[in-house]
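Trainee: Next comes upload.cif, mmCIF, C-alpha atoms:
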data_upload
#
loop_
_atom_site.label_atom_id
_atom_site.label_comp_id
_atom_site.auth_asym_id
_atom_site.auth_seq_id
_atom_site.Cartn_x
_atom_site.Cartn_y
_atom_site.Cartn_z
CA MET Z 269 6.70 14.04 -13.38
CA GLN Z 270 3.27 12.58 -14.14
CA LYS Z 271 0.64 13.55 -11.57
CA VAL Z 272 -1.84 10.81 -10.68
CA ASN Z 273 -5.36 11.64 -9.54
CA VAL Z 274 -6.98 9.14 -7.17
CA GLY Z 275 -10.48 10.35 -6.45
CA ASP Z 276 -9.97 13.89 -5.18
CA VAL Z 277 -6.35 13.21 -4.18
CA THR Z 278 -3.49 14.25 -6.46
CA ILE Z 279 -0.30 12.24 -5.97
CA GLY Z 280 2.84 13.89 -7.25
CA GLY Z 281 1.35 17.35 -7.08
CA GLY Z 282 3.43 18.62 -4.15
CA SER Z 283 1.36 17.35 -1.22
CA LEU Z 284 2.20 14.24 0.81
CA THR Z 285 -0.31 11.38 0.61
CA LEU Z 286 -0.87 8.61 3.14
CA ILE Z 287 -2.15 5.25 1.87
CA ALA Z 288 -3.06 3.26 4.97
CA GLY Z 289 -5.44 0.90 6.71
CA PRO Z 290 -5.54 -2.65 8.05
CA CYS Z 291 -3.80 -5.28 5.93
CA MET Z 292 -7.01 -7.28 5.63
CA ALA Z 293 -10.58 -6.00 5.63
CA GLU Z 294 -11.21 -8.07 8.77
CA SER Z 295 -14.52 -6.45 9.62
CA LEU Z 296 -16.52 -3.34 8.89
CA GLU Z 297 -15.99 -2.16 12.47
CA ILE Z 298 -12.19 -2.31 12.31
CA CYS Z 299 -12.09 -0.68 8.89
CA LEU Z 300 -14.37 2.18 9.95
CA GLN Z 301 -12.47 2.75 13.19
CA THR Z 302 -9.13 2.85 11.39
CA ALA Z 303 -10.35 4.98 8.51
CA GLU Z 304 -11.88 7.57 10.84
CA PHE Z 305 -8.72 7.87 12.90
CA LEU Z 306 -6.46 8.19 9.86
CA ARG Z 307 -8.76 10.63 8.07
CA ASP Z 308 -8.80 12.89 11.13
CA LEU Z 309 -5.03 12.55 11.62
CA CYS Z 310 -4.36 13.50 8.01
CA ARG Z 311 -6.67 16.49 8.25
CA LYS Z 312 -4.79 17.67 11.31
CA LEU Z 313 -1.39 17.24 9.66
CA GLY Z 314 -2.32 18.54 6.21
CA VAL Z 315 -1.77 15.18 4.51
CA GLN Z 316 -3.94 13.66 1.78
CA TYR Z 317 -5.47 10.28 2.64
CA ILE Z 318 -6.42 7.09 0.79
CA PHE Z 319 -7.85 4.12 2.72
CA LYS Z 320 -6.39 0.66 2.01
CA ALA Z 321 -7.58 -2.83 2.94
CA SER Z 322 -7.50 -6.15 1.09
CA TYR Z 323 -10.60 -8.25 0.45
CA ASP Z 324 -8.43 -11.29 -0.27
CA LYS Z 325 -4.89 -12.10 0.86
CA ALA Z 326 -4.12 -14.67 -1.79
CA ASN Z 327 -0.40 -14.78 -0.96
CA ARG Z 328 -0.45 -15.87 2.69
CA THR Z 329 2.50 -18.00 3.84
CA SER Z 330 0.26 -20.93 4.77
CA GLY Z 331 -2.65 -22.30 2.78
CA SER Z 332 -4.59 -22.58 6.04
CA SER Z 333 -4.24 -18.88 6.90
CA LEU Z 334 -7.32 -16.67 6.83
CA ARG Z 335 -7.53 -14.83 3.50
CA GLY Z 336 -10.21 -12.23 4.21
CA PRO Z 337 -13.91 -11.62 3.61
CA GLY Z 338 -13.80 -12.37 -0.11
CA LEU Z 339 -14.63 -10.25 -3.15
CA ARG Z 340 -18.26 -9.27 -2.60
CA ALA Z 341 -18.14 -8.73 1.16
CA GLY Z 342 -14.77 -7.00 0.96
CA LEU Z 343 -15.92 -4.56 -1.71
CA GLU Z 344 -19.00 -3.76 0.38
CA ILE Z 345 -16.74 -2.84 3.31
CA LEU Z 346 -14.57 -0.64 1.09
CA GLY Z 347 -17.66 1.01 -0.34
CA GLU Z 348 -19.00 1.79 3.12
CA VAL Z 349 -15.69 3.37 4.13
CA ARG Z 350 -15.77 5.55 1.03
CA ARG Z 351 -19.40 6.55 1.60
CA ARG Z 352 -18.99 7.17 5.34
CA PHE Z 353 -15.79 9.21 5.26
CA GLY Z 354 -15.55 10.55 1.72
CA VAL Z 355 -12.04 9.20 1.14
CA PRO Z 356 -10.69 7.30 -1.89
CA VAL Z 357 -10.10 3.57 -1.39
CA VAL Z 358 -7.59 1.07 -2.75
CA THR Z 359 -7.32 -2.72 -2.59
CA ASP Z 360 -5.06 -5.45 -3.96
CA VAL Z 361 -6.21 -7.39 -6.98
CA HIS Z 362 -4.72 -10.82 -7.71
CA GLU Z 363 -6.70 -12.14 -10.66
CA SER Z 364 -7.32 -10.56 -14.06
CA ALA Z 365 -10.92 -11.75 -13.94
CA ASP Z 366 -11.56 -9.75 -10.77
CA VAL Z 367 -10.39 -6.44 -12.20
CA PRO Z 368 -13.65 -5.20 -13.81
CA GLU Z 369 -15.75 -5.76 -10.67
CA VAL Z 370 -13.12 -4.37 -8.32
CA ALA Z 371 -12.57 -1.33 -10.55
CA ARG Z 372 -16.24 -0.38 -10.21
CA CYS Z 373 -15.89 -0.11 -6.43
CA VAL Z 374 -12.48 1.45 -5.75
CA ASP Z 375 -10.46 4.48 -6.80
CA LEU Z 376 -7.04 2.83 -7.15
CA LEU Z 377 -5.99 -0.71 -8.08
CA GLN Z 378 -2.94 -2.20 -6.38
CA ILE Z 379 -0.77 -4.95 -7.82
CA PRO Z 380 0.92 -7.04 -5.10
CA ALA Z 381 4.71 -7.31 -5.19
CA PHE Z 382 4.69 -11.03 -6.01
CA LEU Z 383 2.58 -10.30 -9.12
CA CYS Z 384 4.40 -7.27 -10.49
CA ARG Z 385 5.52 -9.20 -13.60
CA GLN Z 386 2.16 -10.85 -14.38
CA THR Z 387 1.45 -9.47 -17.83
CA ASP Z 388 -2.25 -10.33 -18.07
CA LEU Z 389 -2.98 -8.82 -14.65
CA LEU Z 390 -1.05 -5.62 -15.39
CA VAL Z 391 -2.73 -5.17 -18.77
CA ALA Z 392 -6.17 -5.85 -17.29
CA ALA Z 393 -5.54 -3.27 -14.56
CA GLY Z 394 -4.40 -0.79 -17.18
CA LYS Z 395 -7.52 -1.36 -19.27
CA SER Z 396 -9.71 -0.55 -16.26
CA GLY Z 397 -8.85 3.12 -16.70
CA LEU Z 398 -8.21 3.48 -12.97
CA PRO Z 399 -4.85 4.54 -11.54
CA VAL Z 400 -2.64 1.53 -10.78
CA ASN Z 401 -0.12 1.18 -7.95
CA VAL Z 402 2.48 -1.52 -8.63
CA LYS Z 403 4.58 -2.77 -5.74
CA LYS Z 404 8.14 -3.64 -6.70
CA GLY Z 405 8.80 -7.33 -6.20
CA GLN Z 406 11.16 -8.31 -3.39
CA PHE Z 407 13.12 -10.09 -6.13
CA MET Z 408 13.25 -7.15 -8.56
CA ALA Z 409 15.86 -4.50 -9.30
CA PRO Z 410 14.23 -1.07 -9.42
CA GLU Z 411 15.26 -0.46 -13.02
CA ASP Z 412 13.45 -3.66 -14.03
CA MET Z 413 10.13 -2.09 -13.06
CA ALA Z 414 10.24 -0.39 -16.45
CA GLY Z 415 8.65 -3.57 -17.76
CA ALA Z 416 5.63 -3.21 -15.48
CA LEU Z 417 5.19 0.37 -16.61
CA GLU Z 418 5.36 -0.67 -20.27
CA LYS Z 419 2.69 -3.35 -19.80
CA ILE Z 420 0.21 -0.96 -18.17
CA ARG Z 421 0.96 1.77 -20.68
CA SER Z 422 0.31 -0.69 -23.53
CA ALA Z 423 -3.32 -0.61 -22.36
CA GLY Z 424 -3.41 3.17 -22.80
CA ASN Z 425 -3.07 3.97 -19.09
CA GLU Z 426 -0.48 6.48 -17.86
CA LYS Z 427 -1.85 6.76 -14.30
CA ILE Z 428 0.78 4.66 -12.54
CA LEU Z 429 2.46 4.66 -9.13
CA LEU Z 430 5.48 2.53 -8.18
CA THR Z 431 6.04 1.34 -4.60
CA GLU Z 432 9.23 0.31 -2.85
CA ARG Z 433 8.62 -2.38 -0.21
CA GLY Z 434 12.01 -3.91 0.49
CA THR Z 435 14.28 -6.42 -1.21
CA SER Z 436 15.02 -10.01 -0.22
CA PHE Z 437 18.20 -10.24 1.85
CA GLY Z 438 18.94 -13.90 2.40
CA TYR Z 439 16.17 -15.96 3.97
CA HIS Z 440 13.30 -14.44 6.00
CA ASN Z 441 14.63 -10.90 5.80
CA LEU Z 442 14.30 -7.72 3.75
CA VAL Z 443 16.44 -4.64 3.36
CA VAL Z 444 15.60 -1.30 1.76
CA ASP Z 445 17.88 0.23 -0.85
CA MET Z 446 16.84 3.87 -0.80
CA ARG Z 447 18.38 4.30 -4.24
CA SER Z 448 15.33 2.40 -5.55
CA LEU Z 449 13.14 5.42 -4.87
CA VAL Z 450 15.42 7.63 -6.98
CA THR Z 451 15.62 5.08 -9.79
CA MET Z 452 11.87 4.52 -9.99
CA ARG Z 453 11.10 8.23 -9.76
CA GLY Z 454 13.39 8.59 -12.76
CA PHE Z 455 10.70 6.87 -14.83
CA GLY Z 456 8.61 10.03 -14.40
CA VAL Z 457 5.99 8.50 -12.10
CA PRO Z 458 5.19 9.18 -8.43
CA VAL Z 459 6.83 6.83 -5.93
CA VAL Z 460 5.43 5.36 -2.74
CA PHE Z 461 7.36 3.97 0.21
CA ASP Z 462 5.70 1.00 1.92
CA ALA Z 463 7.16 1.42 5.39
CA THR Z 464 5.45 -1.51 7.09
CA HIS Z 465 5.97 -4.26 4.51
CA SER Z 466 9.61 -3.20 4.33
CA VAL Z 467 10.13 -4.42 7.90
CA GLN Z 468 8.38 -7.73 7.29
CA LEU Z 469 10.22 -11.00 7.92
CA PRO Z 470 8.73 -13.19 5.15
CA GLY Z 471 7.92 -16.63 6.50
CA GLY Z 472 9.85 -15.71 9.62
CA MET Z 473 7.36 -17.39 11.96
CA GLY Z 474 7.31 -20.69 10.12
CA ASN Z 475 3.69 -20.71 8.99
CA ALA Z 476 3.37 -16.90 8.92
CA SER Z 477 5.46 -13.80 8.34
CA GLY Z 478 7.00 -11.88 11.20
CA GLY Z 479 8.02 -8.24 11.38
CA ARG Z 480 10.08 -5.61 13.16
CA ARG Z 481 7.76 -2.66 13.52
CA GLU Z 482 10.34 -0.72 15.59
CA PHE Z 483 12.14 -0.02 12.30
CA VAL Z 484 9.14 1.50 10.52
CA ASP Z 485 9.77 5.05 11.73
CA PRO Z 486 13.50 5.28 10.91
CA LEU Z 487 13.01 3.77 7.46
CA ALA Z 488 10.05 6.04 6.74
CA ARG Z 489 12.07 9.08 7.77
CA ALA Z 490 14.96 8.00 5.54
CA ALA Z 491 12.63 7.53 2.57
CA ALA Z 492 11.09 10.96 3.12
CA ALA Z 493 14.57 12.47 3.07
CA VAL Z 494 15.38 10.74 -0.21
CA GLY Z 495 12.08 11.84 -1.75
CA ILE Z 496 8.65 10.21 -1.90
CA ASP Z 497 5.20 11.24 -3.05
CA ALA Z 498 3.21 8.93 -0.78
CA LEU Z 499 3.71 6.84 2.35
CA PHE Z 500 2.09 3.42 2.68
CA CYS Z 501 1.46 1.92 6.13
CA GLU Z 502 -0.59 -0.90 7.57
CA VAL Z 503 -2.46 0.40 10.60
CA HIS Z 504 -4.67 -1.53 13.01
CA PRO Z 505 -6.34 -0.61 16.34
CA MET Z 506 -4.69 -3.66 17.98
CA PRO Z 507 -1.86 -4.95 15.75
CA ASP Z 508 -1.05 -7.89 18.00
CA ARG Z 509 -4.58 -9.18 17.37
CA ALA Z 510 -4.61 -8.42 13.65
CA LEU Z 511 -5.52 -11.35 11.42
CA SER Z 512 -2.84 -10.48 8.86
CA ASP Z 513 0.56 -8.74 9.08
CA GLY Z 514 0.18 -7.86 12.74
CA PRO Z 515 3.93 -7.96 13.56
CA ASN Z 516 4.70 -5.19 11.08
CA SER Z 517 1.51 -3.13 11.52
CA LEU Z 518 1.27 0.10 13.52
CA ASP Z 519 -1.21 1.01 16.23
CA PHE Z 520 -2.80 4.46 16.18
CA ALA Z 521 -0.20 6.14 18.39
CA ALA Z 522 2.71 4.76 16.35
CA ALA Z 523 1.00 5.74 13.10
CA GLU Z 524 0.62 9.32 14.30
CA LYS Z 525 4.32 9.47 15.18
CA VAL Z 526 5.44 8.06 11.84
CA VAL Z 527 3.18 10.23 9.68
CA SER Z 528 4.08 13.35 11.69
CA ASN Z 529 7.80 12.69 11.29
CA VAL Z 530 7.52 11.98 7.58
CA LYS Z 531 5.43 15.11 6.99
CA ALA Z 532 8.00 17.26 8.79
CA ILE Z 533 10.80 15.94 6.59
CA TYR Z 534 8.67 16.10 3.43
CA ASP Z 535 8.00 19.78 4.07
CA LEU Z 536 11.73 20.57 4.14
CA LYS Z 537 12.15 19.97 0.41
#
As a first step, turn the structure in this file into structure tokens.
Mentor:
Amino acid sequence: MQKVNVGDVTIGGGSLTLIAGPCMAESLEICLQTAEFLRDLCRKLGVQYIFKASYDKANRTSGSSLRGPGLRAGLEILGEVRRRFGVPVVTDVHESADVPEVARCVDLLQIPAFLCRQTDLLVAAGKSGLPVNVKKGQFMAPEDMAGALEKIRSAGNEKILLTERGTSFGYHNLVVDMRSLVTMRGFGVPVVFDATHSVQLPGGMGNASGGRREFVDPLARAAAAVGIDALFCEVHPMPDRALSDGPNSLDFAAAEKVVSNVKAIYDLK
């Protein structure tokens, strides 16, 4: 399997990686608080860590929902996290035109699930030379992600991760087919399980998405048993006050439980 280096973290090299942080880069204070807790937790557990937060949530349910600090301010927050704690950082990118500037400030580019078939965006991300994490669309079969891989590879980039984040199951609901992890790993790339987006209820609150965070731990444990290279979680000091994806985000105590349980199962392999 292809190993992918993200800063000083090697994904697919035999050590579990956590990719986590608040959904949105709400403020420098929240990002620093979350990054420090997760960095220290991962050090304690022997897990590699990459900080994640989005500068722009361009796919909110409602057009009136807060989208985040924007490109410049968001990248400054991510840069401060990287400088302060010495951890790699990742953020979503939604527009091909944003890729060059974002790529100068982060260690990993992430393609949102809704955009996993956008050819221009995938090729632009590939041309950046950075590793690229592509989230499987809620509408996609896992074997169809071969197309996303081909588009990034056409730009000469082999540093690719694929993420499972649930599949649409009727209206306002997702389910996880654990076979997806096996199928996507069969492409020879590391796989990530997005435990918190997988319990999202898309549009389930009318003008916002809901979530069932009580299912994060059992699904994460199941994914670890099937086989993953990295775990993705949205973590916030006070999820019920989070400005994005609060219903499916974890507080610090819940995050420690989930990561500890996944690490224990990962180490059994």
Trainee: Calculated over only C-alpha atoms, which of the candidates Z:His504, Z:Ser396, Z:Ser322, Z:Asp375 has the smallest distance to Glu297 (chain Z)?
Mentor: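 Nearest to Glu297 (chain Z): Z:His504.
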Trainee: Select, from Z:Phe382, Z:Phe500, Z:Phe483, Z:Phe455, the residue with the minimum atom-to-atom distance to Thr431 (chain Z), counting only C-alpha atoms.
Mentor: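 That would be Z:Phe500, the residue with the smallest distance to Thr431 (chain Z).
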Trainee: Run through the PyMOL selection byres ((chain Z and resi 506) around 9) on the given coordinates and return the selected residues as a list in words.
Mentor: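 Checked against the file, the PyMOL selection byres ((chain Z and resi 506) around 9) matches Val503, His504, Pro505, Pro507, Asp508, Arg509, Ala510, Gly514, Ser517, Leu518, Asp519 and Phe520 of chain Z.
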Trainee: For the residues selected in the previous step, produce a file with C-alpha atoms as a tab-separated table (two decimals), in the coordinates of the input.
Mentor:
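The resulting file, out14.tsv, is reproduced below:
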chain	number	residue	atom	x	y	z
Z	503	VAL	CA	-2.46	0.40	10.60
Z	504	HIS	CA	-4.67	-1.53	13.01
Z	505	PRO	CA	-6.34	-0.61	16.34
Z	507	PRO	CA	-1.86	-4.95	15.75
Z	508	ASP	CA	-1.05	-7.89	18.00
Z	509	ARG	CA	-4.58	-9.18	17.37
Z	510	ALA	CA	-4.61	-8.42	13.65
Z	514	GLY	CA	0.18	-7.86	12.74
Z	517	SER	CA	1.51	-3.13	11.52
Z	518	LEU	CA	1.27	0.10	13.52
Z	519	ASP	CA	-1.21	1.01	16.23
Z	520	PHE	CA	-2.80	4.46	16.18
Trainee: Quick check on the file I pasted: which residues fall under the PyMOL selection byres ((chain Z and resi 489) around 8)? Write them as a list of chain:residue names.
Mentor: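 With the shown file as input, the PyMOL selection byres ((chain Z and resi 489) around 8) matches Z:Asp485, Z:Pro486, Z:Leu487, Z:Ala488, Z:Ala490, Z:Ala491, Z:Ala492, Z:Ala493, Z:Val526, Z:Asn529, Z:Val530, Z:Ile533.
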Trainee: Counting only C-alpha atoms, find residues at most 6 Å from (-0.6, 13.1, 1.1) (file frame) and give them as a ChimeraX atom specification.
Mentor: /Z:283-286,315-317,498
Trainee: When the PyMOL selection byres ((chain Z and resi 461) around 6) is applied to the structure above, which residues does it catch, written out as a list in words?
Mentor: Thr431, Glu432, Val460, Asp462, Ala463, Leu499 and Phe500 of chain Z
Trainee: Keeping C-alpha atoms for every residue in the selection just given, could you write it to a file as a PDB file, in the coordinates of the input?
Mentor:
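Result file is again.pdb:
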ATOM      1  CA  THR Z 431       6.040   1.340  -4.600  1.00  0.00           C
ATOM      2  CA  GLU Z 432       9.230   0.310  -2.850  1.00  0.00           C
ATOM      3  CA  VAL Z 460       5.430   5.360  -2.740  1.00  0.00           C
ATOM      4  CA  ASP Z 462       5.700   1.000   1.920  1.00  0.00           C
ATOM      5  CA  ALA Z 463       7.160   1.420   5.390  1.00  0.00           C
ATOM      6  CA  LEU Z 499       3.710   6.840   2.350  1.00  0.00           C
ATOM      7  CA  PHE Z 500       2.090   3.420   2.680  1.00  0.00           C
TER       8      PHE Z 500
END
Trainee: Have a look at Z:Gly478, Z:Gly434, Z:Pro399, Z:Gly424 and name the one nearest to Ala381 (chain Z); count all atoms listed in the file.
Mentor: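 Of the candidates, the smallest distance to Ala381 (chain Z) is held by Z:Gly434.
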Trainee: Can you tell me, as number ranges by chain, what residues are no more than 9 Å from Leu469 (chain Z) when counting all atoms listed in the file, ignoring any on the same chain fewer than 5 positions away?
Mentor: Z: 439-442, 477-480, 515-516
